[in-house]
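> Contents are TSV, C-alpha atoms; file name work26.tsv:
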chain	number	residue	atom	x	y	z
A	1	MET	CA	0.00	0.00	0.00
A	2	LEU	CA	1.33	3.44	-0.96
A	3	LEU	CA	0.65	6.17	1.56
A	4	ILE	CA	1.39	9.82	0.89
A	5	LEU	CA	3.60	11.73	3.25
A	6	GLY	CA	4.48	15.40	3.61
A	7	GLY	CA	6.40	16.95	0.73
A	8	ARG	CA	9.86	18.51	0.48
A	9	ALA	CA	10.77	22.04	-0.57
A	10	LEU	CA	8.64	23.28	-3.47
A	11	GLY	CA	10.06	25.15	-6.44
A	12	ALA	CA	8.40	27.53	-8.87
A	13	GLY	CA	6.91	26.82	-12.28
A	14	GLY	CA	5.12	23.57	-11.45
A	15	ALA	CA	8.32	21.78	-10.42
A	16	THR	CA	9.33	20.35	-7.07
A	17	ALA	CA	12.89	20.57	-5.79
A	18	ALA	CA	14.07	17.80	-3.48
A	19	SER	CA	17.35	17.79	-1.56
A	20	PHE	CA	18.93	14.83	0.24
A	21	PRO	CA	22.07	16.21	1.94
A	22	THR	CA	23.19	12.98	3.61
A	23	PHE	CA	23.23	11.28	0.19
A	24	GLY	CA	24.83	14.31	-1.48
A	25	VAL	CA	21.96	14.48	-3.99
A	26	SER	CA	19.40	17.04	-5.15
A	27	MET	CA	16.96	16.94	-8.07
A	28	THR	CA	13.75	18.39	-9.49
A	29	MET	CA	10.62	16.68	-10.73
A	30	PRO	CA	7.04	17.56	-11.77
A	31	ALA	CA	4.88	18.96	-8.98
A	32	GLU	CA	2.47	16.08	-9.64
A	33	TRP	CA	5.03	13.63	-8.23
A	34	ARG	CA	4.05	13.17	-4.61
A	35	PRO	CA	6.60	11.80	-2.11
A	36	VAL	CA	5.84	8.52	-0.34
A	37	ALA	CA	7.68	6.59	2.34
A	38	GLU	CA	11.02	5.12	1.33
A	39	LEU	CA	11.43	1.35	1.60
A	40	GLY	CA	14.97	0.96	2.91
A	41	TYR	CA	18.30	2.49	3.95
A	42	GLY	CA	19.65	2.97	0.43
A	43	GLN	CA	16.51	4.54	-1.01
A	44	VAL	CA	17.12	8.23	-1.65
A	45	GLY	CA	13.51	9.08	-2.52
A	46	ARG	CA	10.25	7.65	-3.81
A	47	TRP	CA	7.35	9.38	-5.60
A	48	LEU	CA	4.02	8.56	-7.23
A	49	ARG	CA	1.33	10.15	-9.37
A	50	ILE	CA	-2.38	9.94	-8.63
A	51	GLU	CA	-4.90	10.05	-11.48
A	52	ASN	CA	-8.61	9.33	-10.95
A	53	LYS	CA	-7.82	7.88	-7.52
A	54	GLN	CA	-5.43	5.40	-9.12
A	55	VAL	CA	-1.63	5.23	-9.08
A	56	PRO	CA	-0.37	4.88	-12.68
A	57	MET	CA	3.33	5.30	-11.88
A	58	VAL	CA	5.95	5.21	-9.14
A	59	VAL	CA	9.55	6.46	-9.35
A	60	GLU	CA	12.29	5.20	-7.02
A	61	PHE	CA	15.80	6.64	-6.63
A	62	GLU	CA	18.35	4.45	-4.85
A	63	LEU	CA	21.97	4.29	-3.78
A	64	VAL	CA	23.14	0.75	-4.53
A	65	ARG	CA	25.97	-1.09	-2.78
A	66	PRO	CA	28.55	-1.78	-5.56
A	67	GLU	CA	30.09	-4.84	-3.83
A	68	GLY	CA	32.82	-4.83	-6.47
A	69	ARG	CA	30.39	-4.49	-9.40
A	70	THR	CA	30.20	-1.84	-12.12
A	71	ALA	CA	27.03	-0.03	-13.18
A	72	GLU	CA	26.85	-2.23	-16.28
A	73	GLN	CA	27.14	-5.42	-14.21
A	74	ILE	CA	24.36	-4.28	-11.89
A	75	ALA	CA	22.18	-3.38	-14.89
A	76	ARG	CA	22.75	-6.83	-16.42
A	77	THR	CA	21.88	-8.53	-13.12
A	78	ILE	CA	18.59	-6.59	-13.00
A	79	ALA	CA	17.85	-7.48	-16.63
A	80	GLU	CA	18.51	-11.16	-15.96
A	81	LYS	CA	16.14	-11.21	-12.98
A	82	GLN	CA	13.42	-9.13	-14.67
A	83	LYS	CA	13.83	-10.62	-18.16
A	84	GLY	CA	14.75	-7.24	-19.57
A	85	LYS	CA	17.15	-5.79	-22.13
A	86	VAL	CA	20.29	-3.75	-21.37
A	87	GLY	CA	21.96	-1.02	-23.37
A	88	LYS	CA	23.81	2.26	-23.05
A	89	SER	CA	21.40	5.16	-22.72
A	90	GLU	CA	21.54	8.75	-23.97
A	91	VAL	CA	19.75	9.80	-20.78
A	92	LYS	CA	22.17	10.63	-17.99
A	93	ILE	CA	21.70	10.77	-14.24
A	94	GLY	CA	23.09	14.24	-13.68
A	95	ASP	CA	26.29	14.30	-15.75
A	96	ASP	CA	26.95	10.57	-15.44
A	97	SER	CA	26.39	8.10	-18.26
A	98	THR	CA	23.87	5.34	-17.65
A	99	PHE	CA	23.01	1.81	-18.62
A	100	ALA	CA	19.28	1.39	-19.23
A	101	VAL	CA	17.27	-1.74	-18.48
A	102	THR	CA	13.93	-2.05	-20.28
A	103	MET	CA	11.35	-4.63	-19.22
A	104	SER	CA	8.28	-5.84	-21.12
A	105	ALA	CA	4.80	-5.68	-19.59
A	106	PRO	CA	4.63	-7.91	-16.49
A	107	ALA	CA	1.60	-9.71	-15.08
A	108	GLN	CA	1.34	-7.52	-11.98
A	109	ARG	CA	0.67	-3.79	-11.82
A	110	LEU	CA	3.35	-1.16	-11.12
A	111	ALA	CA	6.34	-3.39	-11.79
A	112	PRO	CA	9.69	-1.89	-12.91
A	113	ARG	CA	9.60	-1.05	-16.65
A	114	ARG	CA	12.66	1.21	-17.01
A	115	VAL	CA	15.77	1.41	-14.85
A	116	LEU	CA	18.75	3.76	-15.29
A	117	VAL	CA	22.00	2.76	-13.55
A	118	ALA	CA	24.93	5.20	-13.24
A	119	GLN	CA	28.27	5.22	-11.50
A	120	HIS	CA	29.21	8.43	-9.68
A	121	GLY	CA	32.70	8.15	-8.25
A	122	LYS	CA	32.70	5.02	-6.07
A	123	GLN	CA	28.93	5.07	-5.71
A	124	ILE	CA	26.23	3.61	-7.95
A	125	PHE	CA	22.79	5.21	-8.26
A	126	MET	CA	19.66	3.69	-9.78
A	127	LEU	CA	16.51	5.48	-10.96
A	128	SER	CA	13.49	3.24	-11.64
A	129	LEU	CA	10.14	3.83	-13.33
A	130	LEU	CA	7.32	1.51	-12.27
A	131	ALA	CA	4.29	1.99	-14.51
A	132	ASP	CA	1.58	0.21	-16.47
A	133	ASP	CA	2.13	2.53	-19.46
A	134	PRO	CA	5.77	3.70	-19.19
A	135	ALA	CA	5.77	5.55	-22.52
A	136	LYS	CA	3.29	8.03	-21.01
A	137	PHE	CA	5.86	9.07	-18.39
A	138	ASP	CA	9.15	8.67	-20.28
A	139	ALA	CA	9.70	12.39	-20.89
A	140	GLU	CA	9.26	13.51	-17.27
A	141	PHE	CA	11.26	10.53	-16.01
A	142	ASN	CA	14.15	11.45	-18.32
A	143	GLU	CA	14.02	15.12	-17.26
A	144	ALA	CA	14.11	14.15	-13.59
A	145	ALA	CA	17.18	11.97	-14.25
A	146	LYS	CA	18.98	14.81	-16.03
A	147	SER	CA	18.15	17.26	-13.21
A	148	VAL	CA	20.14	15.31	-10.59
A	149	LYS	CA	23.01	17.23	-9.03
A	150	PHE	CA	25.67	15.65	-6.84
A	151	SER	CA	27.57	17.22	-3.96
A	152	ASN	CA	29.59	15.99	-1.00
A	153	PRO	CA	27.30	14.17	1.46
A	154	VAL	CA	26.93	15.72	4.90
A	155	GLU	CA	26.97	13.85	8.20
A	156	PRO	CA	23.49	13.10	9.58
A	157	ARG	CA	24.08	15.20	12.70
A	158	ASP	CA	24.01	18.27	10.42
A	159	ASP	CA	20.63	17.34	8.89
A	160	LEU	CA	18.49	16.21	11.85
A	161	LYS	CA	15.74	18.82	11.70
A	162	LEU	CA	12.33	17.13	11.67
A	163	SER	CA	10.90	17.37	8.18
A	164	ALA	CA	7.30	17.61	7.07
A	165	ARG	CA	7.52	13.88	6.35
A	166	SER	CA	5.69	11.66	8.81
A	167	VAL	CA	5.46	7.89	8.89
A	168	PRO	CA	2.49	5.76	10.02
A	169	LEU	CA	3.19	3.43	12.94
A	170	LEU	CA	1.87	-0.10	12.42
A	171	GLY	CA	-1.42	1.00	10.89
A	172	SER	CA	-2.57	2.48	14.20
A	173	GLY	CA	-3.33	5.97	12.93
A	174	PHE	CA	-0.41	7.36	14.92
A	175	MET	CA	2.11	9.30	12.85
A	176	LEU	CA	5.73	10.02	13.76
A	177	HIS	CA	7.69	12.88	12.19
A	178	VAL	CA	11.22	11.87	11.27
A	179	PRO	CA	14.41	13.68	10.20
A	180	GLY	CA	15.35	13.67	6.51
A	181	PRO	CA	18.10	11.00	6.74
A	182	MET	CA	15.90	8.41	8.53
A	183	ARG	CA	14.81	5.33	6.58
A	184	PRO	CA	12.82	2.17	7.43
A	185	ASP	CA	14.27	-1.33	7.44
A	186	ALA	CA	12.79	-4.84	7.28
A	187	VAL	CA	11.52	-6.55	10.45
A	188	LYS	CA	10.41	-10.10	11.26
A	189	ASP	CA	6.97	-9.14	12.57
A	190	PRO	CA	5.69	-6.12	10.59
A	191	GLN	CA	2.27	-6.32	12.26
A	192	ASN	CA	3.73	-5.59	15.69
A	193	GLU	CA	7.09	-3.90	15.15
A	194	ALA	CA	8.82	-1.40	12.88
A	195	PHE	CA	12.44	-0.30	12.55
A	196	PHE	CA	13.92	3.01	11.38
A	197	GLY	CA	17.57	3.94	11.16
A	198	ILE	CA	20.06	6.55	10.01
A	199	GLN	CA	23.05	5.63	7.85
A	200	ASN	CA	26.12	7.87	7.75
A	201	TYR	CA	27.31	7.84	4.11
A	202	VAL	CA	30.43	9.82	5.03
A	203	THR	CA	31.74	7.17	7.44
A	204	GLY	CA	29.82	4.22	6.01
A	205	LYS	CA	28.41	3.34	9.44
A	206	SER	CA	24.94	3.07	10.93
A	207	GLU	CA	24.06	5.61	13.58
A	208	MET	CA	20.76	6.15	15.34
A	209	SER	CA	18.03	3.47	15.30
A	210	VAL	CA	14.41	3.43	16.45
A	211	LEU	CA	12.60	0.15	17.14
A	212	VAL	CA	8.81	0.43	17.50
A	213	ASN	CA	7.00	-2.40	19.35
A	214	LYS	CA	3.26	-2.85	19.81
A	215	LYS	CA	2.06	-4.94	22.75
A	216	ALA	CA	-1.19	-5.76	24.48
A	217	LYS	CA	-2.16	-3.53	27.39
A	218	ASP	CA	-4.40	-4.04	30.39
A	219	ALA	CA	-7.25	-1.57	29.87
A	220	ASN	CA	-7.43	-0.97	33.64
A	221	VAL	CA	-3.80	0.19	33.89
A	222	THR	CA	-2.97	3.82	33.07
A	223	LEU	CA	-0.02	4.90	31.01
A	224	GLY	CA	1.36	6.72	34.05
A	225	GLN	CA	1.32	3.46	36.05
A	226	ILE	CA	3.17	1.68	33.23
A	227	ALA	CA	5.77	4.47	33.19
A	228	ASP	CA	6.24	4.09	36.97
A	229	GLN	CA	6.67	0.34	36.58
A	230	MET	CA	9.27	0.79	33.84
A	231	GLU	CA	11.18	3.24	36.01
A	232	ARG	CA	11.40	0.64	38.77
A	233	ASN	CA	12.09	-2.48	36.67
A	234	LEU	CA	14.02	-1.46	33.54
A	235	PRO	CA	17.23	-0.28	35.26
A	236	GLU	CA	17.64	-3.63	37.02
A	237	LYS	CA	16.83	-5.58	33.84
A	238	MET	CA	19.41	-3.65	31.76
A	239	GLY	CA	22.00	-3.30	34.50
A	240	ILE	CA	21.74	0.49	34.48
A	241	LYS	CA	23.48	2.25	37.33
A	242	THR	CA	22.71	5.81	36.25
A	243	GLU	CA	19.50	7.68	37.01
A	244	PHE	CA	16.43	6.51	35.10
A	245	ALA	CA	13.26	8.61	34.95
A	246	MET	CA	10.07	8.53	32.88
A	247	LYS	CA	8.49	11.95	32.30
A	248	GLU	CA	5.33	12.96	30.49
A	249	VAL	CA	6.45	15.01	27.46
A	250	LYS	CA	3.11	15.32	25.69
A	251	ARG	CA	-0.51	15.24	26.85
A	252	ASP	CA	-2.52	14.73	23.64
A	253	PRO	CA	-1.65	12.06	22.73
A	254	GLN	CA	-0.11	11.19	26.09
A	255	VAL	CA	3.57	10.30	25.67
A	256	TYR	CA	6.15	9.40	28.32
A	257	LEU	CA	9.89	9.58	27.57
A	258	SER	CA	12.75	8.25	29.68
A	259	SER	CA	15.91	10.17	30.46
A	260	PHE	CA	18.97	9.09	28.48
A	261	PHE	CA	20.88	6.14	29.85
A	262	PRO	CA	24.12	4.48	28.63
A	263	THR	CA	24.96	0.78	28.27
A	264	LYS	CA	27.98	-1.10	26.96
A	265	GLY	CA	27.60	-3.10	23.76
A	266	GLU	CA	29.84	-5.42	21.74
A	267	GLY	CA	33.46	-4.35	21.67
A	268	ASN	CA	32.78	-2.27	24.80
A	269	VAL	CA	31.11	0.40	22.65
A	270	GLU	CA	28.93	2.73	24.72
A	271	TYR	CA	25.35	3.26	23.51
A	272	ILE	CA	22.87	5.91	24.60
A	273	HIS	CA	19.24	4.81	24.96
A	274	ALA	CA	15.84	6.40	25.49
A	275	VAL	CA	12.36	4.87	25.59
A	276	ALA	CA	9.06	6.54	24.72
A	277	ILE	CA	5.70	4.90	25.47
A	278	PHE	CA	2.16	5.79	24.43
A	279	THR	CA	-1.16	4.06	23.77
A	280	PRO	CA	-2.83	3.99	20.34
A	281	GLY	CA	-5.85	2.32	21.96
A	282	ALA	CA	-7.20	1.04	25.26
A	283	LYS	CA	-5.87	-2.42	24.49
A	284	GLU	CA	-2.56	-1.49	22.87
A	285	LEU	CA	0.71	-0.10	24.11
A	286	MET	CA	3.60	1.17	21.96
A	287	PHE	CA	7.27	1.47	22.83
A	288	LEU	CA	9.73	3.56	20.83
A	289	ASN	CA	13.24	2.37	21.67
A	290	PHE	CA	15.91	4.88	20.58
A	291	GLN	CA	19.59	3.92	20.45
A	292	PHE	CA	22.79	5.47	19.11
A	293	PRO	CA	26.51	4.81	19.68
A	294	VAL	CA	28.68	7.42	21.37
A	295	VAL	CA	30.79	8.77	18.48
A	296	ASP	CA	31.74	12.24	19.67
A	297	ALA	CA	30.22	14.97	21.84
A	298	ARG	CA	28.75	16.94	18.92
A	299	THR	CA	26.98	13.89	17.45
A	300	THR	CA	25.74	12.78	20.87
A	301	ASP	CA	24.29	16.23	21.61
A	302	ALA	CA	22.57	16.33	18.20
A	303	TYR	CA	20.77	13.02	18.81
A	304	LYS	CA	19.91	13.95	22.39
A	305	GLN	CA	18.12	17.03	21.05
A	306	LEU	CA	16.39	15.06	18.29
A	307	ILE	CA	14.79	12.29	20.37
A	308	PRO	CA	12.47	14.45	22.54
A	309	GLU	CA	11.41	16.32	19.39
A	310	MET	CA	10.47	13.04	17.71
A	311	ALA	CA	8.55	11.86	20.80
A	312	LYS	CA	6.63	15.13	20.94
A	313	SER	CA	5.84	14.96	17.21
A	314	LEU	CA	3.58	11.92	17.67
A	315	ARG	CA	0.04	12.66	16.52
A	316	TYR	CA	-3.12	10.78	15.66
A	317	SER	CA	-4.25	11.07	12.04
A	318	THR	CA	-7.80	10.28	10.94
A	319	GLU	CA	-6.67	11.45	7.47
A	320	TYR	CA	-4.18	8.57	7.36
A	321	LEU	CA	-6.86	6.07	8.34
A	322	ARG	CA	-9.19	7.38	5.61
A	323	ALA	CA	-6.36	7.18	3.03
A	324	ARG	CA	-5.54	3.65	4.15
A	325	ASP	CA	-9.16	2.51	3.84
A	326	GLU	CA	-9.54	4.27	0.47
A	327	ALA	CA	-6.38	2.60	-0.87
A	328	GLU	CA	-7.63	-0.77	0.29
A	329	LYS	CA	-11.04	-0.19	-1.34
A	330	ASN	CA	-9.48	0.87	-4.68
A	331	LYS	CA	-6.87	-1.91	-4.74
A	332	PRO	CA	-7.11	-3.94	-7.98
A	333	LYS	CA	-8.86	-7.28	-7.48
In structure tokens, how does this file's structure come out?

Amino acid sequence: MLLILGGRALGAGGATAASFPTFGVSMTMPAEWRPVAELGYGQVGRWLRIENKQVPMVVEFELVRPEGRTAEQIARTIAEKQKGKVGKSEVKIGDDSTFAVTMSAPAQRLAPRRVLVAQHGKQIFMLSLLADDPAKFDAEFNEAAKSVKFSNPVEPRDDLKLSARSVPLLGSGFMLHVPGPMRPDAVKDPQNEAFFGIQNYVTGKSEMSVLVNKKAKDANVTLGQIADQMERNLPEKMGIKTEFAMKEVKRDPQVYLSSFFPTKGEGNVEYIHAVAIFTPGAKELMFLNFQFPVVDARTTDAYKQLIPEMAKSLRYSTEYLRARDEAEKNKPK
């Protein structure tokens, strides 16, 4: 299901400008392209069009792990899996030459039909068009590819301002605003947990992570009582010797957030943790578990400022629930 999120910076003349500083990428695209949630760490951005309450096309822009492969080799691997054809393309991604993969019409809707693969320095980028009628969108897809501009990526700590983007949490109607560099990752139990993380493309290392868990709740127990219980039991369970405190940081919806507490991980690396709890319903309880390694004082301070802002950004969206139900109703049989 494709759910629309808040947009990025808008440009003039019917075009939208999007900037992704941690990837070192910016680009423009038609204003009709609406941003949707990315699907993984390497996904720079993802957009769709809506026509007559249907989605005729999706565009995905990704940073691909080379793993010793060239752009041509990656393009040929895609073609082999998708039964497509490969060739050099006149359409560039920015100023970089591309290999194009073209696929014939598949059985399912919104499958990849055109993919451009380019090498930029040591990195490989891939722009994909998923559409039932790709010829209808070729021109704007090509223009978006040409508009890409590359720059040196910045460290996530310098791009942690909460964006207009918000992500739905486990279909509950609760939305969480996230910083621009944050991306989702796969989990074993998507009905009851979600995972978001930040990758540092300057150092090549993962930084902050957020694990969201949904659990059953006793309807007769208040959120304040649960916070008190966590304050008593969690320090002993995690071997925490420092002060631990749960404080109410938001009233509507009611959210409790713990103070920051450190633990030692593998290789004696120190991690900073925080836990936010709230209830999407009388019978449900949600935990947001924040974690990031201690890298340096500036990075630590940046994440310590971010976490309370994220906890306070939680809101309940009836608009999301209506969009979810509408998408389900209009889903092709």
> Counting all atoms listed in the file, which of A:Ala297, A:Phe125, A:Met29, A:Met246 gets nearest to Ala139 of chain A?
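So, comparing all the options, the nearest one is A:Met29.
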> What separation in Å, quoted to one decimal, exists between atom CA of Asp228 of chain A and atom CA of Ala276 of chain A?
12.8 Å
> For segment 284-294 of chain A, take all atoms listed in the file, fit an axis-aligned box around them, add 8 Å to each of the six sides, then output centre and edge lengths in Å rounded to one decimal, as JSON.

{"center_x": 13.1, "center_y": 3.0, "center_z": 21.6, "size_x": 47.2, "size_y": 24.9, "size_z": 21.0}
> I'd like the neighbourhood of segment 267-271 of chain A as a PyMOL selection string, where a residue qualifies if any of its atoms comes within 8 Å (using only C-alpha atoms), though same-chain residues fewer than 3 positions away should be ignored.
chain A and resi 262-264+291-294
> Can you pull out the residues contacting segment 57-64 of chain A? Cut-off 10 Å, using only C-alpha atoms, and skip same-chain residues under 5 positions away; I want them as an MDAnalysis selection string.
chainID A and resid 2 23 33:36 38:51 71 74 109:112 114:119 123:134 136:137 141 144:145
> Take the residues from that selection and write them out as a PDB file, keeping the file's coordinate frame, keeping C-alpha atoms.

ATOM      1  CA  LEU A   2       1.330   3.440  -0.960  1.00  0.00           C
ATOM      2  CA  PHE A  23      23.230  11.280   0.190  1.00  0.00           C
ATOM      3  CA  TRP A  33       5.030  13.630  -8.230  1.00  0.00           C
ATOM      4  CA  ARG A  34       4.050  13.170  -4.610  1.00  0.00           C
ATOM      5  CA  PRO A  35       6.600  11.800  -2.110  1.00  0.00           C
ATOM      6  CA  VAL A  36       5.840   8.520  -0.340  1.00  0.00           C
ATOM      7  CA  GLU A  38      11.020   5.120   1.330  1.00  0.00           C
ATOM      8  CA  LEU A  39      11.430   1.350   1.600  1.00  0.00           C
ATOM      9  CA  GLY A  40      14.970   0.960   2.910  1.00  0.00           C
ATOM     10  CA  TYR A  41      18.300   2.490   3.950  1.00  0.00           C
ATOM     11  CA  GLY A  42      19.650   2.970   0.430  1.00  0.00           C
ATOM     12  CA  GLN A  43      16.510   4.540  -1.010  1.00  0.00           C
ATOM     13  CA  VAL A  44      17.120   8.230  -1.650  1.00  0.00           C
ATOM     14  CA  GLY A  45      13.510   9.080  -2.520  1.00  0.00           C
ATOM     15  CA  ARG A  46      10.250   7.650  -3.810  1.00  0.00           C
ATOM     16  CA  TRP A  47       7.350   9.380  -5.600  1.00  0.00           C
ATOM     17  CA  LEU A  48       4.020   8.560  -7.230  1.00  0.00           C
ATOM     18  CA  ARG A  49       1.330  10.150  -9.370  1.00  0.00           C
ATOM     19  CA  ILE A  50      -2.380   9.940  -8.630  1.00  0.00           C
ATOM     20  CA  GLU A  51      -4.900  10.050 -11.480  1.00  0.00           C
ATOM     21  CA  ALA A  71      27.030  -0.030 -13.180  1.00  0.00           C
ATOM     22  CA  ILE A  74      24.360  -4.280 -11.890  1.00  0.00           C
ATOM     23  CA  ARG A 109       0.670  -3.790 -11.820  1.00  0.00           C
ATOM     24  CA  LEU A 110       3.350  -1.160 -11.120  1.00  0.00           C
ATOM     25  CA  ALA A 111       6.340  -3.390 -11.790  1.00  0.00           C
ATOM     26  CA  PRO A 112       9.690  -1.890 -12.910  1.00  0.00           C
ATOM     27  CA  ARG A 114      12.660   1.210 -17.010  1.00  0.00           C
ATOM     28  CA  VAL A 115      15.770   1.410 -14.850  1.00  0.00           C
ATOM     29  CA  LEU A 116      18.750   3.760 -15.290  1.00  0.00           C
ATOM     30  CA  VAL A 117      22.000   2.760 -13.550  1.00  0.00           C
ATOM     31  CA  ALA A 118      24.930   5.200 -13.240  1.00  0.00           C
ATOM     32  CA  GLN A 119      28.270   5.220 -11.500  1.00  0.00           C
ATOM     33  CA  GLN A 123      28.930   5.070  -5.710  1.00  0.00           C
ATOM     34  CA  ILE A 124      26.230   3.610  -7.950  1.00  0.00           C
ATOM     35  CA  PHE A 125      22.790   5.210  -8.260  1.00  0.00           C
ATOM     36  CA  MET A 126      19.660   3.690  -9.780  1.00  0.00           C
ATOM     37  CA  LEU A 127      16.510   5.480 -10.960  1.00  0.00           C
ATOM     38  CA  SER A 128      13.490   3.240 -11.640  1.00  0.00           C
ATOM     39  CA  LEU A 129      10.140   3.830 -13.330  1.00  0.00           C
ATOM     40  CA  LEU A 130       7.320   1.510 -12.270  1.00  0.00           C
ATOM     41  CA  ALA A 131       4.290   1.990 -14.510  1.00  0.00           C
ATOM     42  CA  ASP A 132       1.580   0.210 -16.470  1.00  0.00           C
ATOM     43  CA  ASP A 133       2.130   2.530 -19.460  1.00  0.00           C
ATOM     44  CA  PRO A 134       5.770   3.700 -19.190  1.00  0.00           C
ATOM     45  CA  LYS A 136       3.290   8.030 -21.010  1.00  0.00           C
ATOM     46  CA  PHE A 137       5.860   9.070 -18.390  1.00  0.00           C
ATOM     47  CA  PHE A 141      11.260  10.530 -16.010  1.00  0.00           C
ATOM     48  CA  ALA A 144      14.110  14.150 -13.590  1.00  0.00           C
ATOM     49  CA  ALA A 145      17.180  11.970 -14.250  1.00  0.00           C
TER      50      ALA A 145
END
> Would you work out the distance separating atom CA of Ile78 of chain A from atom CA of Gln199 of chain A, expressed in Å to one decimal?
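Straight-line distance from atom CA of Ile78 of chain A to atom CA of Gln199 of chain A works out to 24.6 Å.
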> Around (26.8, 12.8, -17.3), as given in the file, which residues come within 12 Å? Count only C-alpha atoms and list them as a VMD selection string.
chain A and resid 89 to 99 117 to 121 145 to 150
> Can you work out the spacing between atom CA of Phe244 of chain A and atom CA of Val275 of chain A in Å, to one decimal?
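Answer for the atom CA of Phe244 of chain A to atom CA of Val275 of chain A separation: 10.5 Å.
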> Leaving out Met230 of chain A and any residue of its chain fewer than 5 positions from it, which residues lie within 9 Å of it when counting only C-alpha atoms, given as a ChimeraX atom specification?
/A:225,235,245-246
> With C-alpha atoms kept, could you save the residues just selected as a tab-separated table (two decimals), in the frame of the given file?

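Written file, out-v5.tsv:
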chain	number	residue	atom	x	y	z
A	225	GLN	CA	1.32	3.46	36.05
A	235	PRO	CA	17.23	-0.28	35.26
A	245	ALA	CA	13.26	8.61	34.95
A	246	MET	CA	10.07	8.53	32.88
> Which neighbours of Lys312 of chain A fall inside 12 Å, counting only C-alpha atoms, when residues of the same chain fewer than 3 positions from it are skipped, and could you give them as a ChimeraX atom specification?
/A:162,175-178,247-257,276-278,288,305-309,315-316
> How about saving the chosen residues, C-alpha atoms kept, as an mmCIF file, keeping the file's coordinate frame?

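Final output, saved to result_1.cif:
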data_model
loop_
_atom_site.group_PDB
_atom_site.id
_atom_site.type_symbol
_atom_site.label_atom_id
_atom_site.label_comp_id
_atom_site.auth_asym_id
_atom_site.auth_seq_id
_atom_site.Cartn_x
_atom_site.Cartn_y
_atom_site.Cartn_z
ATOM 1 C CA LEU A 162 12.330 17.130 11.670
ATOM 2 C CA MET A 175 2.110 9.300 12.850
ATOM 3 C CA LEU A 176 5.730 10.020 13.760
ATOM 4 C CA HIS A 177 7.690 12.880 12.190
ATOM 5 C CA VAL A 178 11.220 11.870 11.270
ATOM 6 C CA LYS A 247 8.490 11.950 32.300
ATOM 7 C CA GLU A 248 5.330 12.960 30.490
ATOM 8 C CA VAL A 249 6.450 15.010 27.460
ATOM 9 C CA LYS A 250 3.110 15.320 25.690
ATOM 10 C CA ARG A 251 -0.510 15.240 26.850
ATOM 11 C CA ASP A 252 -2.520 14.730 23.640
ATOM 12 C CA PRO A 253 -1.650 12.060 22.730
ATOM 13 C CA GLN A 254 -0.110 11.190 26.090
ATOM 14 C CA VAL A 255 3.570 10.300 25.670
ATOM 15 C CA TYR A 256 6.150 9.400 28.320
ATOM 16 C CA LEU A 257 9.890 9.580 27.570
ATOM 17 C CA ALA A 276 9.060 6.540 24.720
ATOM 18 C CA ILE A 277 5.700 4.900 25.470
ATOM 19 C CA PHE A 278 2.160 5.790 24.430
ATOM 20 C CA LEU A 288 9.730 3.560 20.830
ATOM 21 C CA GLN A 305 18.120 17.030 21.050
ATOM 22 C CA LEU A 306 16.390 15.060 18.290
ATOM 23 C CA ILE A 307 14.790 12.290 20.370
ATOM 24 C CA PRO A 308 12.470 14.450 22.540
ATOM 25 C CA GLU A 309 11.410 16.320 19.390
ATOM 26 C CA ARG A 315 0.040 12.660 16.520
ATOM 27 C CA TYR A 316 -3.120 10.780 15.660
#
> Find, counting only C-alpha atoms, the residue in A:Gly224, A:Arg157, A:Lys304, A:Lys122 that gets nearest to Pro66 of chain A.
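The shortest atom-to-atom distance to Pro66 of chain A comes from A:Lys122.
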> Tell me which of A:Ala216, A:Glu319, A:Leu160, A:Val210 sits closest to Pro184 of chain A, counting all atoms listed in the file.
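Ranked by minimum distance to Pro184 of chain A, first place goes to A:Val210.
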> Ranking A:Thr22, A:Lys81, A:Met238, A:Glu193 by minimum distance to Gly180 of chain A and counting only C-alpha atoms, which one comes first?
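Distance minimum relative to Gly180 of chain A lands on A:Thr22.
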> Let me make sure I understand: among A:Lys283, A:Ser104, A:Pro30, A:Val295, which one has the smallest atom-to-atom distance to Glu140 of chain A if we use only C-alpha atoms?
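Comparing A:Lys283, A:Ser104, A:Pro30, A:Val295 against Glu140 of chain A, the winner is A:Pro30.
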> Using all atoms listed in the file, find the one residue out of A:Glu80, A:Glu326, A:Asp158, A:Asp218 that sits nearest to Thr299 of chain A.
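For Thr299 of chain A, the nearest of the candidates is A:Asp158.
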> Give me segment 62-67 of chain A with N, CA and C atoms filled in, as a PDB file, in the coordinates of the input.

ATOM      1  N   GLU A  62      17.630   5.229  -5.855  1.00  0.00           N
ATOM      2  CA  GLU A  62      18.350   4.450  -4.850  1.00  0.00           C
ATOM      3  C   GLU A  62      19.862   4.579  -4.978  1.00  0.00           C
ATOM      4  N   LEU A  63      20.520   4.460  -3.846  1.00  0.00           N
ATOM      5  CA  LEU A  63      21.970   4.290  -3.780  1.00  0.00           C
ATOM      6  C   LEU A  63      22.215   2.808  -3.589  1.00  0.00           C
ATOM      7  N   VAL A  64      22.939   2.196  -4.524  1.00  0.00           N
ATOM      8  CA  VAL A  64      23.140   0.750  -4.530  1.00  0.00           C
ATOM      9  C   VAL A  64      24.540   0.406  -4.037  1.00  0.00           C
ATOM     10  N   ARG A  65      24.649  -0.619  -3.220  1.00  0.00           N
ATOM     11  CA  ARG A  65      25.970  -1.090  -2.780  1.00  0.00           C
ATOM     12  C   ARG A  65      26.695  -1.731  -3.974  1.00  0.00           C
ATOM     13  N   PRO A  66      27.859  -1.210  -4.383  1.00  0.00           N
ATOM     14  CA  PRO A  66      28.550  -1.780  -5.560  1.00  0.00           C
ATOM     15  C   PRO A  66      29.009  -3.218  -5.341  1.00  0.00           C
ATOM     16  N   GLU A  67      29.562  -3.494  -4.138  1.00  0.00           N
ATOM     17  CA  GLU A  67      30.090  -4.840  -3.830  1.00  0.00           C
ATOM     18  C   GLU A  67      30.984  -5.346  -4.954  1.00  0.00           C
TER      19      GLU A  67
END
